[in-house]
>>> print(open('protein-v5.tsv').read())   # TSV, C-alpha atoms
chain	number	residue	atom	x	y	z
A	223	MET	CA	121.05	27.75	50.37
A	224	SER	CA	119.03	29.29	47.56
A	225	MET	CA	120.11	32.55	46.05
A	226	ASN	CA	116.55	33.83	46.41
A	227	ASP	CA	117.92	35.34	49.59
A	228	PRO	CA	121.32	36.84	48.80
A	229	LEU	CA	121.55	38.53	52.20
A	230	GLY	CA	120.72	35.29	54.02
A	231	ASP	CA	123.39	33.58	51.92
A	232	MET	CA	125.98	36.16	53.01
A	233	LEU	CA	125.08	35.71	56.70
A	234	THR	CA	125.43	31.93	56.31
A	235	ARG	CA	128.85	32.38	54.67
A	236	ILE	CA	129.95	34.52	57.62
A	237	ARG	CA	128.73	31.91	60.13
A	238	ASN	CA	130.40	29.05	58.25
A	239	ALA	CA	133.71	30.89	57.85
A	240	GLN	CA	133.76	31.74	61.56
A	241	MET	CA	133.11	28.12	62.54
A	242	ARG	CA	136.24	27.24	60.56
A	243	GLY	CA	138.18	30.14	62.09
A	244	LYS	CA	138.81	31.80	58.73
A	245	SER	CA	140.08	35.38	58.67
A	246	THR	CA	138.18	36.39	55.54
A	247	VAL	CA	135.13	35.29	53.56
A	248	THR	CA	134.00	36.39	50.11
A	249	THR	CA	130.44	37.04	48.96
A	250	PRO	CA	129.06	38.30	45.64
A	251	ALA	CA	128.79	42.08	45.70
A	252	SER	CA	125.49	43.93	46.02
A	253	LYS	CA	124.47	47.31	47.37
A	254	LEU	CA	122.34	45.79	50.14
A	255	ARG	CA	125.13	43.45	51.26
A	256	ALA	CA	127.62	46.34	51.32
A	257	TRP	CA	125.20	48.49	53.33
A	258	VAL	CA	124.73	45.70	55.90
A	259	LEU	CA	128.52	45.25	56.08
A	260	ASP	CA	128.89	49.01	56.63
A	261	VAL	CA	126.72	48.68	59.77
A	262	LEU	CA	128.53	45.52	60.96
A	263	SER	CA	131.83	47.37	60.52
A	264	ALA	CA	130.64	50.56	62.24
A	265	GLU	CA	129.31	48.50	65.17
A	266	GLY	CA	132.61	46.62	65.51
A	267	TYR	CA	131.39	43.16	64.48
A	268	ILE	CA	133.78	42.83	61.52
A	269	ARG	CA	137.15	44.39	60.75
A	270	GLY	CA	135.80	45.70	57.47
A	271	TYR	CA	135.49	44.63	53.86
A	272	GLU	CA	136.90	45.45	50.48
A	273	ARG	CA	135.57	45.29	46.95
A	274	THR	CA	137.27	42.68	44.83
A	275	THR	CA	136.44	40.29	41.99
A	276	ASP	CA	135.85	36.55	42.16
A	277	ALA	CA	137.45	33.86	39.98
A	278	ASN	CA	134.95	34.59	37.20
A	279	GLY	CA	135.61	38.33	37.28
A	280	GLN	CA	132.31	39.09	39.01
A	281	PRO	CA	132.28	41.88	41.62
A	282	ALA	CA	132.66	40.46	45.11
A	283	LEU	CA	133.08	41.67	48.68
A	284	GLU	CA	135.88	40.25	50.81
A	285	ILE	CA	134.87	40.48	54.46
A	286	SER	CA	137.54	40.57	57.17
A	287	LEU	CA	136.17	38.68	60.16
A	288	LYS	CA	136.95	39.70	63.71
A	289	TYR	CA	137.98	37.47	66.61
A	290	PHE	CA	138.68	38.24	70.24
A	291	GLU	CA	141.06	35.81	71.96
A	292	GLY	CA	140.27	33.28	69.25
A	293	THR	CA	136.47	33.58	69.56
A	294	PRO	CA	134.37	35.17	66.80
A	295	VAL	CA	133.08	38.61	67.80
A	296	ILE	CA	129.79	37.74	66.05
A	297	ARG	CA	128.28	35.14	68.37
A	298	GLU	CA	124.98	35.00	66.56
A	299	ILE	CA	123.73	36.56	63.33
A	300	LYS	CA	120.12	35.86	62.35
A	301	ARG	CA	118.01	36.76	59.35
A	302	VAL	CA	114.73	38.35	60.50
A	303	SER	CA	112.91	39.57	57.39
A	304	LYS	CA	112.92	36.90	54.68
A	305	PRO	CA	111.85	37.02	51.03
A	306	GLY	CA	108.83	34.86	51.91
A	307	ARG	CA	108.02	36.75	55.09
A	308	ARG	CA	109.00	40.39	55.22
A	309	VAL	CA	109.18	41.94	58.67
A	310	TYR	CA	108.53	45.68	58.89
A	311	MET	CA	108.44	47.60	62.15
A	312	GLY	CA	107.66	51.14	63.14
A	313	VAL	CA	110.36	53.00	65.03
A	314	LYS	CA	108.63	52.23	68.36
A	315	GLU	CA	108.48	48.48	67.66
A	316	ILE	CA	112.10	47.84	66.69
A	317	PRO	CA	113.31	45.41	69.35
A	318	ALA	CA	116.45	45.81	71.41
A	319	VAL	CA	118.66	42.75	70.89
A	320	ARG	CA	119.88	41.14	74.13
A	321	ASN	CA	118.97	44.23	76.15
A	322	GLY	CA	120.94	46.43	73.80
A	323	LEU	CA	124.07	44.25	73.77
A	324	GLY	CA	123.24	43.26	70.20
A	325	VAL	CA	122.11	45.19	67.16
A	326	SER	CA	119.17	44.99	64.76
A	327	ILE	CA	120.02	46.09	61.24
A	328	VAL	CA	117.10	47.94	59.69
A	329	SER	CA	116.52	49.03	56.11
A	330	THR	CA	114.80	52.41	56.44
A	331	PRO	CA	113.82	55.18	54.01
A	332	LYS	CA	116.98	56.95	55.25
A	333	GLY	CA	119.25	53.99	54.52
A	334	VAL	CA	120.39	50.77	56.18
A	335	MET	CA	121.26	51.43	59.83
A	336	SER	CA	121.46	50.02	63.34
A	337	ASP	CA	118.35	49.99	65.52
A	338	ALA	CA	119.86	52.76	67.70
A	339	ASN	CA	120.43	54.98	64.66
A	340	ALA	CA	116.94	54.23	63.34
A	341	ARG	CA	115.46	55.31	66.69
A	342	ALA	CA	117.62	58.45	66.66
A	343	ALA	CA	116.48	59.24	63.09
A	344	ASN	CA	112.91	58.36	64.14
A	345	VAL	CA	112.40	55.92	61.26
A	346	GLY	CA	111.23	52.33	61.10
A	347	GLY	CA	111.62	49.90	58.25
A	348	GLU	CA	112.42	46.34	57.32
A	349	VAL	CA	114.33	44.49	60.07
A	350	LEU	CA	116.93	42.65	58.01
A	351	CYS	CA	118.83	40.80	60.71
A	352	THR	CA	119.98	40.80	64.31
A	353	VAL	CA	123.56	40.44	65.49
A	354	PHE	CA	124.90	39.56	68.89
>>> encode(input="protein-v5.tsv", output="C-alpha cells")
Amino acid sequence: MSMNDPLGDMLTRIRNAQMRGKSTVTTPASKLRAWVLDVLSAEGYIRGYERTTDANGQPALEISLKYFEGTPVIREIKRVSKPGRRVYMGVKEIPAVRNGLGVSIVSTPKGVMSDANARAANVGGEVLCTVF
C-alpha cells in the first residue's frame, strides 16, 4: 500500500486489524485521518481514538475498534475518492449507503462530516469513503 493515499492506508489498517480481531490499531497522525475518525466515532463505528506517538516518536492515532458479539461493527469500509480519481458530489448527488444503513464520509467546505450532516448543512464535497 503506497503512502500516496494516507487515508486509504488507514482504512486498510482498520480492515486488517479487524480481520485479526485486534482491539486497537495505530496509524500515523494527520488532520484528515482524525476528522474521518471523528465521524466514525460519532456514528458508532469505532469506540474512539487517542493521540499517541509511535516507536520513532512520530505523532500517531490509536484507534479503538468496536465489535458486537465478536463481529466487527464495521462490515465494510471503502475508499471512494482516490488521489488518482477524485470524486466530488453536490449535496443532491451524495448517495445513501445501503439505504441509509451505512454512511458516506464527505469532506465539505464546512468540514468532514457524514452524508446526513452534509445534507442537513446543504453542502456537497469530496466523498472520501463509505462505511457499512
>>> residues_near_point(input="protein-v5.tsv", point="(120.5, 52.1, 56.1)", cutoff="12 Å", atoms="all atoms listed in the file", output="PyMOL selection string")
chain A and resi 253-262+264+326-340+343+345-350
>>> atom_distance(input="protein-v5.tsv", atom1="CA of Gly243 (chain A)", atom2="CA of Gly292 (chain A)")
8.1 Å
>>> atom_distance(input="protein-v5.tsv", atom1="CA of Leu233 (chain A)", atom2="CA of Ala277 (chain A)")
20.9 Å
>>> atom_distance(input="protein-v5.tsv", atom1="CA of Ile296 (chain A)", atom2="CA of Tyr267 (chain A)")
5.9 Å
>>> residues_around(input="protein-v5.tsv", residues="Thr352 (chain A)", least_positions_apart="5", cutoff="6 Å", atoms="all atoms listed in the file", output="list in words")
Ile299, Lys300, Val325 and Ser326 of chain A
>>> residues_near_point(input="protein-v5.tsv", point="(133.4, 41.5, 65.8)", cutoff="7 Å", atoms="all atoms listed in the file", output="VMD selection string")
chain A and resid 266 to 269 287 to 289 294 to 296
>>> closest_residue(input="protein-v5.tsv", among="A:Arg273, A:Arg297, A:Arg307, A:Arg242", to="Leu323 (chain A)", atoms="only C-alpha atoms")
A:Arg297
>>> closest_residue(input="protein-v5.tsv", among="A:Glu298, A:Pro228, A:Gly270, A:Glu265", to="Ser245 (chain A)", atoms="all atoms listed in the file")
A:Gly270
>>> closest_residue(input="protein-v5.tsv", among="A:Arg341, A:Met232, A:Arg237, A:Thr293", to="Gly312 (chain A)", atoms="only C-alpha atoms")
A:Arg341
>>> residues_around(input="protein-v5.tsv", residues="Lys304 (chain A)", least_positions_apart="2", cutoff="9 Å", atoms="only C-alpha atoms", output="MDAnalysis selection string")
chainID A and resid 227 230 301:302 306:309 350
>>> write_last_selection(input="protein-v5.tsv", atoms="C-alpha atoms", output="mmCIF file, keeping the file's coordinate frame")
data_model
loop_
_atom_site.group_PDB
_atom_site.id
_atom_site.type_symbol
_atom_site.label_atom_id
_atom_site.label_comp_id
_atom_site.auth_asym_id
_atom_site.auth_seq_id
_atom_site.Cartn_x
_atom_site.Cartn_y
_atom_site.Cartn_z
ATOM 1 C CA ASP A 227 117.920 35.340 49.590
ATOM 2 C CA GLY A 230 120.720 35.290 54.020
ATOM 3 C CA ARG A 301 118.010 36.760 59.350
ATOM 4 C CA VAL A 302 114.730 38.350 60.500
ATOM 5 C CA GLY A 306 108.830 34.860 51.910
ATOM 6 C CA ARG A 307 108.020 36.750 55.090
ATOM 7 C CA ARG A 308 109.000 40.390 55.220
ATOM 8 C CA VAL A 309 109.180 41.940 58.670
ATOM 9 C CA LEU A 350 116.930 42.650 58.010
#
>>> closest_residue(input="protein-v5.tsv", among="A:Lys244, A:Ser263, A:Leu283, A:Pro250", to="Asp231 (chain A)", atoms="only C-alpha atoms")
A:Pro250
>>> decode(input="protein-v5.tsv", residues="region 258-295 of chain A", atoms="N, CA, C and O atoms", output="compact mmCIF listing (two decimals), in the first residue's frame")
# COMPACT_ATOMS: atom_id res chain seq x y z
N VAL A 258 -11.82 12.05 9.90
CA VAL A 258 -12.58 10.86 9.48
C VAL A 258 -12.89 10.00 10.70
O VAL A 258 -14.01 9.51 10.86
N LEU A 259 -11.93 9.85 11.60
CA LEU A 259 -12.16 9.07 12.82
C LEU A 259 -13.21 9.72 13.71
O LEU A 259 -13.99 9.02 14.36
N ASP A 260 -13.26 11.06 13.72
CA ASP A 260 -14.30 11.76 14.48
C ASP A 260 -15.68 11.34 13.99
O ASP A 260 -16.59 11.11 14.80
N VAL A 261 -15.85 11.24 12.67
CA VAL A 261 -17.15 10.84 12.10
C VAL A 261 -17.43 9.38 12.42
O VAL A 261 -18.53 9.02 12.85
N LEU A 262 -16.42 8.51 12.25
CA LEU A 262 -16.62 7.08 12.55
C LEU A 262 -17.02 6.89 14.01
O LEU A 262 -17.88 6.07 14.33
N SER A 263 -16.42 7.69 14.90
CA SER A 263 -16.72 7.61 16.32
C SER A 263 -18.14 8.11 16.59
O SER A 263 -18.93 7.46 17.28
N ALA A 264 -18.47 9.27 16.02
CA ALA A 264 -19.80 9.87 16.23
C ALA A 264 -20.90 8.95 15.71
O ALA A 264 -21.99 8.89 16.28
N GLU A 265 -20.61 8.21 14.62
CA GLU A 265 -21.61 7.33 14.02
C GLU A 265 -21.61 5.94 14.67
O GLU A 265 -22.38 5.07 14.26
N GLY A 266 -20.74 5.73 15.64
CA GLY A 266 -20.74 4.47 16.38
C GLY A 266 -20.00 3.32 15.74
O GLY A 266 -20.17 2.16 16.13
N TYR A 267 -19.13 3.61 14.76
CA TYR A 267 -18.40 2.54 14.08
C TYR A 267 -17.10 2.15 14.79
O TYR A 267 -16.57 1.08 14.58
N ILE A 268 -16.56 3.07 15.60
CA ILE A 268 -15.38 2.75 16.42
C ILE A 268 -15.65 3.25 17.83
O ILE A 268 -16.53 4.08 18.05
N ARG A 269 -14.89 2.72 18.79
CA ARG A 269 -15.07 3.18 20.17
C ARG A 269 -14.53 4.59 20.34
O ARG A 269 -15.01 5.35 21.16
N GLY A 270 -13.50 4.90 19.55
CA GLY A 270 -12.87 6.21 19.65
C GLY A 270 -11.41 6.09 19.26
O GLY A 270 -10.99 5.07 18.71
N TYR A 271 -10.64 7.14 19.54
CA TYR A 271 -9.21 7.08 19.24
C TYR A 271 -8.50 8.04 20.18
O TYR A 271 -9.10 8.94 20.75
N GLU A 272 -7.22 7.80 20.35
CA GLU A 272 -6.44 8.78 21.11
C GLU A 272 -5.13 9.07 20.42
O GLU A 272 -4.61 8.26 19.67
N ARG A 273 -4.65 10.30 20.67
CA ARG A 273 -3.37 10.72 20.10
C ARG A 273 -2.25 10.10 20.92
O ARG A 273 -2.30 10.10 22.14
N THR A 274 -1.25 9.58 20.22
CA THR A 274 -0.13 8.94 20.89
C THR A 274 1.10 9.15 20.03
O THR A 274 1.08 9.97 19.11
N THR A 275 2.19 8.49 20.34
CA THR A 275 3.37 8.57 19.48
C THR A 275 3.81 7.14 19.16
O THR A 275 3.62 6.23 19.97
N ASP A 276 4.39 6.98 17.95
CA ASP A 276 4.84 5.64 17.57
C ASP A 276 6.25 5.39 18.11
O ASP A 276 6.82 6.21 18.82
N ALA A 277 6.83 4.27 17.74
CA ALA A 277 8.14 3.86 18.25
C ALA A 277 9.22 4.89 17.92
O ALA A 277 10.20 5.04 18.64
N ASN A 278 9.04 5.61 16.81
CA ASN A 278 10.03 6.60 16.40
C ASN A 278 9.71 8.00 16.93
O ASN A 278 10.32 8.97 16.50
N GLY A 279 8.70 8.09 17.81
CA GLY A 279 8.36 9.39 18.37
C GLY A 279 7.51 10.25 17.45
O GLY A 279 7.30 11.42 17.71
N GLN A 280 7.02 9.65 16.36
CA GLN A 280 6.14 10.40 15.44
C GLN A 280 4.71 10.40 15.99
O GLN A 280 4.29 9.40 16.57
N PRO A 281 3.96 11.49 15.76
CA PRO A 281 2.57 11.51 16.22
C PRO A 281 1.77 10.40 15.53
O PRO A 281 1.92 10.17 14.33
N ALA A 282 0.95 9.73 16.32
CA ALA A 282 0.14 8.63 15.79
C ALA A 282 -1.24 8.70 16.41
O ALA A 282 -1.47 9.44 17.38
N LEU A 283 -2.17 7.97 15.82
CA LEU A 283 -3.52 7.86 16.34
C LEU A 283 -3.78 6.40 16.65
O LEU A 283 -3.58 5.54 15.79
N GLU A 284 -4.16 6.11 17.89
CA GLU A 284 -4.50 4.74 18.26
C GLU A 284 -6.02 4.62 18.26
O GLU A 284 -6.71 5.28 19.03
N ILE A 285 -6.51 3.78 17.34
CA ILE A 285 -7.94 3.64 17.12
C ILE A 285 -8.46 2.44 17.91
O ILE A 285 -7.89 1.34 17.81
N SER A 286 -9.51 2.65 18.70
CA SER A 286 -10.13 1.54 19.43
C SER A 286 -11.27 0.98 18.59
O SER A 286 -12.28 1.66 18.36
N LEU A 287 -11.10 -0.25 18.12
CA LEU A 287 -12.08 -0.88 17.24
C LEU A 287 -13.26 -1.39 18.05
O LEU A 287 -13.15 -1.62 19.26
N LYS A 288 -14.38 -1.56 17.38
CA LYS A 288 -15.62 -1.92 18.06
C LYS A 288 -16.15 -3.23 17.49
O LYS A 288 -16.22 -3.40 16.26
N TYR A 289 -16.53 -4.13 18.39
CA TYR A 289 -17.09 -5.43 17.99
C TYR A 289 -18.43 -5.61 18.67
O TYR A 289 -18.65 -5.09 19.76
N PHE A 290 -19.30 -6.34 18.01
CA PHE A 290 -20.58 -6.69 18.63
C PHE A 290 -20.71 -8.20 18.58
O PHE A 290 -20.70 -8.79 17.49
N GLU A 291 -20.76 -8.83 19.75
CA GLU A 291 -20.79 -10.30 19.82
C GLU A 291 -19.69 -10.92 18.97
O GLU A 291 -19.90 -11.88 18.24
N GLY A 292 -18.49 -10.31 19.06
CA GLY A 292 -17.32 -10.86 18.38
C GLY A 292 -17.17 -10.48 16.92
O GLY A 292 -16.17 -10.81 16.29
N THR A 293 -18.17 -9.80 16.35
CA THR A 293 -18.12 -9.41 14.95
C THR A 293 -17.79 -7.92 14.84
O THR A 293 -18.37 -7.12 15.57
N PRO A 294 -16.88 -7.54 13.93
CA PRO A 294 -16.58 -6.11 13.78
C PRO A 294 -17.83 -5.32 13.43
O PRO A 294 -18.65 -5.76 12.62
N VAL A 295 -18.00 -4.15 14.06
CA VAL A 295 -19.14 -3.29 13.75
C VAL A 295 -19.00 -2.76 12.32
O VAL A 295 -19.98 -2.64 11.59
